[in-house]
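Student: Here you go, one structure.
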Amino acid sequence: MKDLLQTESTAWVCSVPVATVWTAPEKVRPIDADGIAENPNINKWLQEMSRDDTQDLVDGNRIQTQLLYGEPVLIDEVVDGWAKIIALWQPCQKDERGYPGWVPMSQLQEVETLAELGYARVMHDKAQLWTEEFHPLTVVPFNTMLPIKGLGDFVRLQTPDGNALIMKDAVEIVATHNQSSQATGLDIAALGASFLDLPYLWAGMSSYGFDCSGFTYNLMKASGVIISRDAVDQAVEGTEIDQHDESSWHIGDLLFFAYEEGKGKLHHVGVYYGNGLMLHSPTPGKSVEIIELAGTKHEVELCAVRRFMEKEDHE
């Protein structure tokens with residue numbers, strides 16, 4: 001096997017706009033061909049799946065999470081064109097190094113380690129990358145973070161496809177991958193509402209589709225706070241808020257839910273939107289929505305409220 005031990009001067013990164021991380025290579029179905037291609041077509045993959053196909057991603061334990069363009073990974077081994085990876089920016093209890101799973105080797109690229117000038121974080125739903133000759137390169141989703149090589153009217157970036165340019169107003173410049181401008185709970189709620197009607201995708205981590213904890217992870221990431229990837233881990237992070245005292249909840253707090261009226265297995269997370277409302281990415285077949293908690297199963301299944309942003313709004 002090719003020696004894939006990373007040196008200090010190089011890193012392996014996701015080389016496609018969105019790479020799906022699979023539980024195991026044999027979990028891939030024929031209908032998933034567009035998702036695992038060297039140049040994947042995420043829209044086509046999602047559009048061709050039936051409701052049963054998308055539900056099977058959950059029931060069949062097929063996919064774990066997703067990577068965004070330029071996101072770094074560790075490679076533990078390569079088997080038959082598949083890399084067993086660790087997603088370094090996605091903390092979880094499954095592995096202390098990051099989120100584990102399998103990705104086609106064709107969707108990874110080795111690049112020079114570069115972070116001296118910080119990162120550009122994509123703030124728009126999608127953004128166009130250009131070659132240095134101003135030819136269209138690729139479209140990258142919200143929260144893509146790429147190392148900066150130079151600043152000007154366009155930001156020059158290091159990408160898996162070489163140097164590239166992006167419009168300055170499409171990105172936020174940050175010092176590290178886990179830094180951002182000081183956001184508030186109100187900012188988080190407003191950002192989350194910009195994704196209303198985006199279809200749910202199990203294990204989704206991009207603006208092509210989020211699952212419930214992928215949604216909350218990305219809202220926090222955009223606010224400079226890296227939390228765990230999965231809801232069960234997120235529920236013990238941040239600051240504990242009294243779940244029985246709704247008057248103490250702030251807009252932007254995360255609400256967690258468990259079966260058996262809050263005493264069983266944790267299964268969902270959403271964002272408190274104020275006035276008894278929740279913003280969340282619900283379940284396969286549904287889309288990001290705002291709901292009233294009162295009178296729903298969520299009202300009785302609430303098991304934790306956690307705060308990650310100390311300020312509720314701009315004072």
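A note on labels: chains of the structure tokens are A, B, ... as shown, every chain counts residues from 1, and ligands are counted from 1 in their shown order.
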DSSP on the backbone: what in region 82-251 of chain A comes out alpha helix (DSSP H), as a PyMOL selection string?

Tutor: chain A and resi 185-193+212-221+231-234

Student: Counting only C-alpha atoms, what are the residues of region 132-162 of chain A within 10 Å of region 166-170 of chain A, and for each of them which pair of atoms is the nearest and at what distance in Å, to one decimal? Sort the table by chain and rising number, as a tab-separated table.

Tutor:
```
residue	atom	partner	partner_atom	distance
A:Glu132	CA	A:Ile166	CA	9.8
A:Phe134	CA	A:Ile166	CA	9.8
A:Phe142	CA	A:Ala170	CA	9.6
A:Leu151	CA	A:Lys168	CA	8.5
A:Gly152	CA	A:Lys168	CA	7.8
A:Asp153	CA	A:Lys168	CA	6.3
A:Phe154	CA	A:Met167	CA	4.8
A:Val155	CA	A:Ile166	CA	5.4
A:Arg156	CA	A:Ile166	CA	6.8
A:Leu157	CA	A:Ile166	CA	7.6
```

Student: Kindly save the residues from that selection, with N, CA, C and O atoms included, as a short mmCIF file (atom, residue, chain, number, x, y, z; two decimals), in the first residue's frame.

Tutor:
```cif
data_model
loop_
_atom_site.label_atom_id
_atom_site.label_comp_id
_atom_site.auth_asym_id
_atom_site.auth_seq_id
_atom_site.Cartn_x
_atom_site.Cartn_y
_atom_site.Cartn_z
N GLU A 132 -7.21 31.28 -11.67
CA GLU A 132 -6.52 32.58 -11.69
C GLU A 132 -6.67 33.27 -13.04
O GLU A 132 -6.41 34.47 -13.16
N PHE A 134 -9.60 33.38 -14.39
CA PHE A 134 -11.04 33.70 -14.32
C PHE A 134 -11.90 32.76 -15.16
O PHE A 134 -12.88 33.17 -15.78
N PHE A 142 -21.93 26.47 1.44
CA PHE A 142 -21.84 27.20 2.70
C PHE A 142 -20.88 26.51 3.68
O PHE A 142 -20.88 25.29 3.80
N LEU A 151 -4.81 38.53 -0.51
CA LEU A 151 -6.04 39.32 -0.42
C LEU A 151 -6.03 40.43 -1.45
O LEU A 151 -4.98 41.01 -1.75
N GLY A 152 -7.20 40.73 -2.00
CA GLY A 152 -7.38 41.81 -2.97
C GLY A 152 -8.85 41.96 -3.25
O GLY A 152 -9.69 41.66 -2.40
N ASP A 153 -9.19 42.42 -4.46
CA ASP A 153 -10.61 42.48 -4.82
C ASP A 153 -11.22 41.08 -4.79
O ASP A 153 -12.38 40.90 -4.45
N PHE A 154 -10.42 40.09 -5.18
CA PHE A 154 -10.76 38.69 -4.99
C PHE A 154 -9.80 38.12 -3.95
O PHE A 154 -8.68 38.59 -3.81
N VAL A 155 -10.24 37.11 -3.23
CA VAL A 155 -9.37 36.42 -2.28
C VAL A 155 -8.73 35.23 -3.00
O VAL A 155 -9.43 34.43 -3.63
N ARG A 156 -7.41 35.15 -2.94
CA ARG A 156 -6.69 34.02 -3.55
C ARG A 156 -6.61 32.90 -2.52
O ARG A 156 -6.19 33.12 -1.38
N LEU A 157 -7.00 31.70 -2.93
CA LEU A 157 -7.10 30.58 -2.01
C LEU A 157 -6.25 29.40 -2.47
O LEU A 157 -6.01 29.21 -3.66
#
```

Student: Counting only C-alpha atoms, which residues in region 31-117 of chain A sit no more than 6 Å from region 199-222 of chain A? For each one, give the nearest pair of atoms and the distance in Å, sorted by chain then residue number, as CSV.

Tutor:
```
residue,atom,partner,partner_atom,distance
A:Gln64,CA,A:Ala203,CA,5.4
A:Thr65,CA,A:Ala203,CA,4.4
A:Gln66,CA,A:Met205,CA,5.4
```

Student: May I have the selected residues written with C-alpha atoms, as a PDB file, in the first residue's frame?

Tutor:
```pdb
ATOM      1  CA  GLN A  64     -22.041   8.771   8.708  1.00  0.00           C
ATOM      2  CA  THR A  65     -21.347  12.399   7.830  1.00  0.00           C
ATOM      3  CA  GLN A  66     -19.990  14.539   4.989  1.00  0.00           C
TER       4      GLN A  66
END
```

Student: Using only C-alpha atoms for the distances, tell me which of A:Ala37, A:Asn43, A:Ile148, A:Pro72 is nearest to Cys14 (chain A).

Tutor: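 For Cys14 (chain A), the nearest of the candidates is A:Pro72.
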
Student: Please measure the separation of CA of Val174 (chain A) and CA of Ala120 (chain A), giving the value in Å to one decimal.

Tutor: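 So the answer is 6.3 Å.
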
Student: Set the distance at 8 Å and use only C-alpha atoms: which residues neighbour region 301-303 of chain A once local chain neighbours fewer than 2 positions away are removed? I'd like the list as JSON, numbers by chain.

Tutor: {"A": [243, 255, 256, 257, 258, 259, 260, 261, 262, 263, 266, 297, 298, 299, 305]}

Student: As an MDAnalysis selection string, list the residues of region 64-174 of chain A assigned to strand (DSSP E or B) by DSSP on the backbone atoms of this structure.

Tutor: chainID A and resid 64:68 72:79 82:87 92 95 99:104 108:112 119:122 126:130 136:141 145:150 154:159 162:167 171:174

Student: For Met309 (chain A), list every protein, DNA or RNA residue within 9 Å, evaluated using only C-alpha atoms, and leave out those in the same chain fewer than 3 positions away; present the list as a list of chain:residue names.

Tutor: A:Gln182, A:Ala183, A:Thr184, A:Gly185, A:Ile188, A:Met220, A:Ser223, A:Val225, A:Gly238, A:Gly252, A:Asp253, A:Glu312

Student: For Thr131 (chain A), which of A:Ile226, A:Leu165, A:Ala175, A:Leu146 is the closest residue, counting only C-alpha atoms?

Tutor: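 Under the stated criterion, the closest residue is A:Leu165.
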